[in-house]
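Printed here is upload_15.txt (compact mmCIF, C-alpha atoms):
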# COMPACT_ATOMS: atom_id res chain seq x y z
CA ASP A 881 86.94 -8.46 -142.98
CA GLY A 882 83.30 -7.81 -142.14
CA GLY A 883 81.69 -10.00 -139.56
CA ILE A 884 80.39 -10.57 -136.07
CA THR A 885 82.69 -11.16 -133.14
CA GLN A 886 81.77 -12.56 -129.77
CA SER A 887 84.04 -12.67 -126.79
CA PRO A 888 85.12 -14.56 -124.91
CA LYS A 889 84.75 -17.95 -126.59
CA TYR A 890 84.55 -19.72 -123.22
CA LEU A 891 83.47 -18.14 -119.95
CA PHE A 892 83.39 -19.65 -116.48
CA ARG A 893 81.61 -18.01 -113.55
CA LYS A 894 80.49 -18.83 -110.07
CA GLU A 895 76.82 -18.93 -109.25
CA GLY A 896 75.49 -15.58 -108.07
CA GLN A 897 77.76 -13.47 -110.27
CA ASN A 898 76.57 -11.35 -113.15
CA VAL A 899 78.45 -11.78 -116.39
CA THR A 900 78.45 -9.76 -119.62
CA LEU A 901 78.90 -11.31 -123.06
CA SER A 902 80.20 -9.14 -125.83
CA CYS A 903 78.85 -8.96 -129.39
CA GLU A 904 80.26 -6.59 -132.00
CA GLN A 905 79.51 -6.35 -135.72
CA ASN A 906 81.10 -4.30 -138.49
CA LEU A 907 78.53 -5.17 -141.13
CA ASN A 908 76.65 -1.89 -140.63
CA HIS A 909 73.58 -3.96 -139.73
CA ASP A 910 70.65 -2.29 -137.98
CA ALA A 911 69.25 -5.35 -136.22
CA MET A 912 70.96 -7.57 -133.67
CA TYR A 913 69.82 -10.66 -131.77
CA TRP A 914 70.78 -12.85 -128.85
CA TYR A 915 69.94 -16.57 -128.76
CA ARG A 916 70.50 -19.27 -126.23
CA GLN A 917 71.15 -22.90 -127.21
CA ASP A 918 71.14 -25.79 -124.77
CA PRO A 919 72.79 -29.12 -125.67
CA GLY A 920 70.89 -30.95 -128.38
CA GLN A 921 68.28 -28.20 -128.59
CA GLY A 922 67.27 -25.48 -131.01
CA LEU A 923 67.73 -21.74 -130.65
CA ARG A 924 65.65 -19.62 -128.31
CA LEU A 925 65.48 -15.86 -128.68
CA ILE A 926 66.49 -13.85 -125.62
CA TYR A 927 66.44 -10.22 -126.80
CA TYR A 928 66.58 -8.37 -130.08
CA SER A 929 67.15 -4.82 -131.21
CA GLN A 930 66.16 -3.29 -134.51
CA ILE A 931 67.65 0.15 -133.96
CA VAL A 932 70.03 1.87 -131.57
CA ASN A 933 68.61 2.64 -128.12
CA ASP A 934 65.70 0.27 -128.59
CA PHE A 935 65.30 -3.44 -127.88
CA GLN A 936 62.56 -6.00 -127.31
CA LYS A 937 62.24 -9.10 -125.17
CA GLY A 938 62.28 -12.43 -126.89
CA ASP A 939 60.88 -15.70 -125.57
CA ILE A 940 63.22 -16.20 -122.60
CA ALA A 941 64.27 -12.70 -121.44
CA GLU A 942 63.92 -13.33 -117.70
CA GLY A 943 67.28 -13.13 -115.95
CA TYR A 944 68.96 -11.35 -118.87
CA SER A 945 69.50 -7.70 -119.78
CA VAL A 946 70.86 -5.91 -122.83
CA SER A 947 71.80 -2.46 -124.06
CA ARG A 948 72.14 -1.00 -127.53
CA GLU A 949 74.01 2.27 -127.19
CA LYS A 950 75.96 1.86 -130.43
CA LYS A 951 74.93 0.33 -133.74
CA GLU A 952 77.95 -1.99 -133.68
CA SER A 953 77.49 -3.39 -130.19
CA PHE A 954 74.82 -5.40 -128.37
CA PRO A 955 76.15 -6.76 -125.06
CA LEU A 956 74.16 -9.32 -123.07
CA THR A 957 74.31 -9.49 -119.28
CA VAL A 958 73.42 -12.76 -117.63
CA THR A 959 72.28 -11.88 -114.14
CA SER A 960 72.21 -13.95 -111.00
CA ALA A 961 68.44 -14.14 -111.43
CA GLN A 962 68.86 -16.51 -114.39
CA LYS A 963 68.23 -19.95 -112.91
CA ASN A 964 70.18 -22.10 -115.37
CA PRO A 965 72.64 -19.87 -117.22
CA THR A 966 74.99 -22.58 -118.47
CA ALA A 967 74.47 -22.67 -122.25
CA PHE A 968 75.87 -21.69 -125.64
CA TYR A 969 75.04 -18.06 -126.48
CA LEU A 970 74.82 -16.89 -130.06
CA CYS A 971 74.66 -13.34 -131.34
CA ALA A 972 73.34 -12.54 -134.80
CA SER A 973 72.71 -9.50 -136.95
CA SER A 974 70.75 -8.58 -140.04
CA SER A 975 70.54 -5.47 -142.18
CA GLY A 976 66.88 -5.09 -141.30
CA GLY A 977 64.07 -7.01 -139.69
CA ALA A 978 64.90 -10.71 -139.57
CA GLY A 979 61.82 -11.59 -141.53
CA TYR A 980 63.11 -9.89 -144.63
CA TYR A 981 66.84 -10.01 -144.29
CA GLU A 982 69.16 -12.92 -143.68
CA GLN A 983 70.66 -13.29 -140.21
CA TYR A 984 74.40 -13.75 -139.82
CA PHE A 985 75.74 -15.43 -136.71
CA GLY A 986 78.80 -14.85 -134.56
CA PRO A 987 80.99 -17.74 -133.35
CA GLY A 988 79.24 -17.99 -129.97
CA THR A 989 80.21 -17.88 -126.30
CA ARG A 990 80.00 -20.99 -124.19
CA LEU A 991 79.10 -20.01 -120.62
CA THR A 992 79.54 -22.39 -117.71
CA VAL A 993 78.26 -21.41 -114.28
CA THR A 994 79.12 -23.58 -111.27
CA GLU B 225 51.87 -18.21 -132.39
CA LEU B 226 54.17 -19.42 -135.12
CA LYS B 227 55.33 -23.03 -134.78
CA VAL B 228 58.08 -24.56 -136.88
CA GLU B 229 58.46 -28.33 -136.89
CA GLN B 230 61.19 -30.38 -138.46
CA ASN B 231 61.28 -34.07 -139.08
CA PRO B 232 63.00 -36.23 -138.58
CA LEU B 233 64.89 -34.85 -135.58
CA PHE B 234 67.58 -37.51 -135.90
CA LEU B 235 68.71 -39.06 -139.16
CA SER B 236 71.38 -41.67 -139.58
CA MET B 237 72.11 -42.58 -143.17
CA GLN B 238 74.71 -44.36 -145.22
CA GLU B 239 77.03 -42.65 -147.62
CA GLY B 240 75.65 -42.60 -151.13
CA LYS B 241 71.99 -42.65 -150.10
CA ASN B 242 69.34 -39.98 -150.65
CA TYR B 243 67.04 -38.52 -148.04
CA THR B 244 64.75 -35.57 -147.36
CA ILE B 245 64.33 -33.39 -144.26
CA TYR B 246 60.98 -31.68 -143.84
CA CYS B 247 60.14 -28.33 -142.29
CA ASN B 248 56.50 -27.46 -141.62
CA TYR B 249 55.32 -24.13 -140.27
CA SER B 250 51.98 -22.98 -138.92
CA THR B 251 51.36 -19.46 -140.28
CA THR B 252 51.64 -17.81 -143.65
CA SER B 253 55.14 -16.92 -144.78
CA ASP B 254 56.60 -16.38 -148.20
CA ARG B 255 60.18 -16.98 -147.13
CA LEU B 256 62.26 -19.49 -145.21
CA TYR B 257 65.90 -19.95 -144.23
CA TRP B 258 68.04 -23.07 -143.82
CA TYR B 259 71.13 -23.14 -141.62
CA ARG B 260 73.82 -25.69 -140.87
CA GLN B 261 75.52 -26.16 -137.49
CA ASP B 262 78.60 -28.31 -136.97
CA PRO B 263 79.17 -29.72 -133.46
CA GLY B 264 80.36 -27.03 -131.07
CA LYS B 265 80.14 -24.34 -133.74
CA SER B 266 77.85 -21.50 -134.72
CA LEU B 267 75.21 -21.45 -137.45
CA GLU B 268 76.11 -21.03 -141.09
CA SER B 269 73.57 -19.88 -143.66
CA LEU B 270 72.77 -22.49 -146.32
CA PHE B 271 69.76 -21.31 -148.27
CA VAL B 272 67.46 -18.32 -148.42
CA LEU B 273 64.11 -19.17 -150.04
CA LEU B 274 62.18 -16.04 -150.89
CA SER B 275 59.02 -17.10 -152.72
CA ASN B 276 56.62 -19.92 -153.40
CA GLY B 277 58.22 -22.53 -155.61
CA ALA B 278 61.75 -21.32 -154.85
CA VAL B 279 64.40 -23.98 -155.33
CA LYS B 280 68.06 -23.58 -154.43
CA GLN B 281 70.87 -26.10 -154.86
CA GLU B 282 74.38 -26.22 -153.48
CA GLY B 283 76.37 -29.37 -154.09
CA ARG B 284 74.49 -32.38 -152.75
CA LEU B 285 71.83 -30.26 -151.01
CA MET B 286 68.69 -28.89 -152.58
CA ALA B 287 66.05 -26.85 -150.77
CA SER B 288 62.56 -25.97 -151.90
CA LEU B 289 59.64 -23.97 -150.57
CA ASP B 290 55.89 -24.53 -150.98
CA THR B 291 54.19 -21.61 -149.25
CA LYS B 292 50.68 -22.96 -149.91
CA ALA B 293 51.48 -26.18 -148.07
CA ARG B 294 53.64 -24.27 -145.53
CA LEU B 295 56.38 -26.77 -146.19
CA SER B 296 60.04 -26.67 -147.07
CA THR B 297 62.22 -29.65 -147.91
CA LEU B 298 65.96 -30.12 -147.77
CA HIS B 299 66.94 -32.98 -150.05
CA ILE B 300 70.26 -34.74 -149.69
CA THR B 301 71.61 -36.54 -152.73
CA ALA B 302 74.31 -39.23 -152.46
CA ALA B 303 75.24 -38.30 -148.91
CA VAL B 304 78.87 -37.99 -147.87
CA HIS B 305 80.35 -37.90 -144.37
CA ASP B 306 81.07 -34.15 -144.63
CA LEU B 307 77.34 -33.47 -144.58
CA SER B 308 77.09 -34.71 -140.99
CA ALA B 309 75.76 -31.73 -139.01
CA THR B 310 72.56 -30.32 -137.53
CA TYR B 311 70.27 -28.55 -139.98
CA PHE B 312 67.80 -25.87 -138.91
CA CYS B 313 65.01 -24.21 -140.78
CA ALA B 314 63.76 -20.77 -139.69
CA VAL B 315 60.62 -18.84 -140.59
CA PRO B 316 59.91 -15.13 -140.07
CA GLU B 317 57.17 -13.99 -137.74
CA THR B 318 54.36 -12.12 -139.47
CA SER B 319 55.77 -8.82 -138.22
CA GLY B 320 59.03 -9.58 -139.99
CA SER B 321 61.06 -8.60 -136.96
CA ARG B 322 62.30 -12.00 -135.84
CA LEU B 323 62.75 -15.63 -136.84
CA THR B 324 61.39 -18.77 -135.27
CA PHE B 325 63.67 -21.78 -135.60
CA GLY B 326 62.79 -25.43 -135.88
CA GLU B 327 64.26 -27.88 -133.39
CA GLY B 328 66.93 -28.99 -135.82
CA THR B 329 67.64 -32.26 -137.60
CA GLN B 330 70.82 -34.00 -136.49
CA LEU B 331 72.21 -35.78 -139.54
CA THR B 332 74.87 -38.45 -139.27
CA VAL B 333 76.29 -39.93 -142.46
CA ASN B 334 78.01 -43.27 -141.93
CA PRO B 335 80.64 -44.78 -144.22
Would it be possible to restate this file's structure as structure tokens?
Amino acid sequence: DGGITQSPKYLFRKEGQNVTLSCEQNLNHDAMYWYRQDPGQGLRLIYYSQIVNDFQKGDIAEGYSVSREKKESFPLTVTSAQKNPTAFYLCASSSGGAGYYEQYFGPGTRLTVT
Amino acid sequence: ELKVEQNPLFLSMQEGKNYTIYCNYSTTSDRLYWYRQDPGKSLESLFVLLSNGAVKQEGRLMASLDTKARLSTLHITAAVHDLSATYFCAVPETSGSRLTFGEGTQLTVNP
């Protein structure tokens, strides 16, 4: 089955630790995205990548880092510099730029930092 | 800067009633996307509207796009409890590289 997988579903970390969230897709999509969602809020774009080895900052990139070494994978690292990392993180992909191609979402990772 | 506004943000309605959710956006775009999110879950694509005057229907939901007015509507006909969810509209940036999402409309359908 083609789709987007995110792991783990739930993640608990202590303050001050970096943590990496996984996102893998087998849809052969060029573009991938990371969003953050806080309770009762909309989606905010963290980073996006339109091709391998290239990525751009979104609206709230501070305290996050990404890599895009393979087309299938776009891991997100939440660093200790991120002030309020507890949130629901969603990964998405599209076959091209999101303006022209529909985005498909993974199931999400719920991160809790205490 | 592109702004996408939905209203209402919260909607409580009775089963069997009709209602419309509105999505306004601030810059020119000839396409718009609607998504559904159930509590604690990810986003699921509902409609892709690709041109002015586009209308799509799926069950009790119908979406339309008026690019001149920069407005999309999501109309709910004879609501049922299963439609309870949060609905988001999303509009592409001019560059086409990313989407901007509205704040979401939290719909609750009561028996």
For the contact check between chain B and chain A, emit one row per residue of chain B within 6 Å, containing the shortest atom pair and the distance in Å rounded to one decimal, counting all atoms listed in the file, chain then rising number order, as a tab-separated table.
residue	atom	partner	partner_atom	distance
B:Ser266	CA	A:Pro987	CA	5.1
B:Pro316	CA	A:Gly979	CA	4.3
B:Gly320	CA	A:Gly979	CA	3.8
B:Ser321	CA	A:Gly977	CA	4.4
B:Arg322	CA	A:Ala978	CA	4.7
B:Glu327	CA	A:Gly922	CA	4.5
B:Gly328	CA	A:Gly922	CA	6.0
Residues within 7 Å of Thr324 in chain B, only C-alpha atoms, excluding chain neighbours under 2 positions, as a ChimeraX atom specification: /B:228,314-317,322,326
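Residue nearest Lys280 in chain B, chosen from B:Thr318, B:Arg294, B:Gly264, B:Leu256 and counting only C-alpha atoms: B:Leu256.
As for CA of Thr959 in chain A and CA of Asn933 in chain A, they are spaced 20.5 Å apart.
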What is the distance between CA of Tyr249 in chain B and CA of Pro263 in chain B, in Å to one decimal? 25.4 Å
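Straight-line separation from CA of Gly883 in chain A to CA of Glu904 in chain A: 8.4 Å.
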Minimum-distance residue to Asn908 in chain A, chosen among A:Glu942, A:Ile884, A:Ser947, A:Pro965 (using all atoms listed in the file): A:Ile884
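The environment of Lys963 in chain A within 10 Å, counting only C-alpha atoms and disregarding residues fewer than 6 places along the same chain, consists of Glu895, Gly896, Glu942 and Gly943 of chain A.
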Based on the selection just made, write C-alpha atoms of those residues as a CSV table (one decimal), in the frame of the given file.
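Contents of the output file part-v8.csv:
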chain,number,residue,atom,x,y,z
A,895,GLU,CA,76.8,-18.9,-109.2
A,896,GLY,CA,75.5,-15.6,-108.1
A,942,GLU,CA,63.9,-13.3,-117.7
A,943,GLY,CA,67.3,-13.1,-116.0
Report as JSON the centre and the edge lengths, in Å to one decimal, of the axis-aligned box holding every listed atom of range 897-904 of chain A, padded by 3 Å on each side.
{"center_x": 78.4, "center_y": -10.0, "center_z": -121.1, "size_x": 9.7, "size_y": 12.9, "size_z": 27.7}
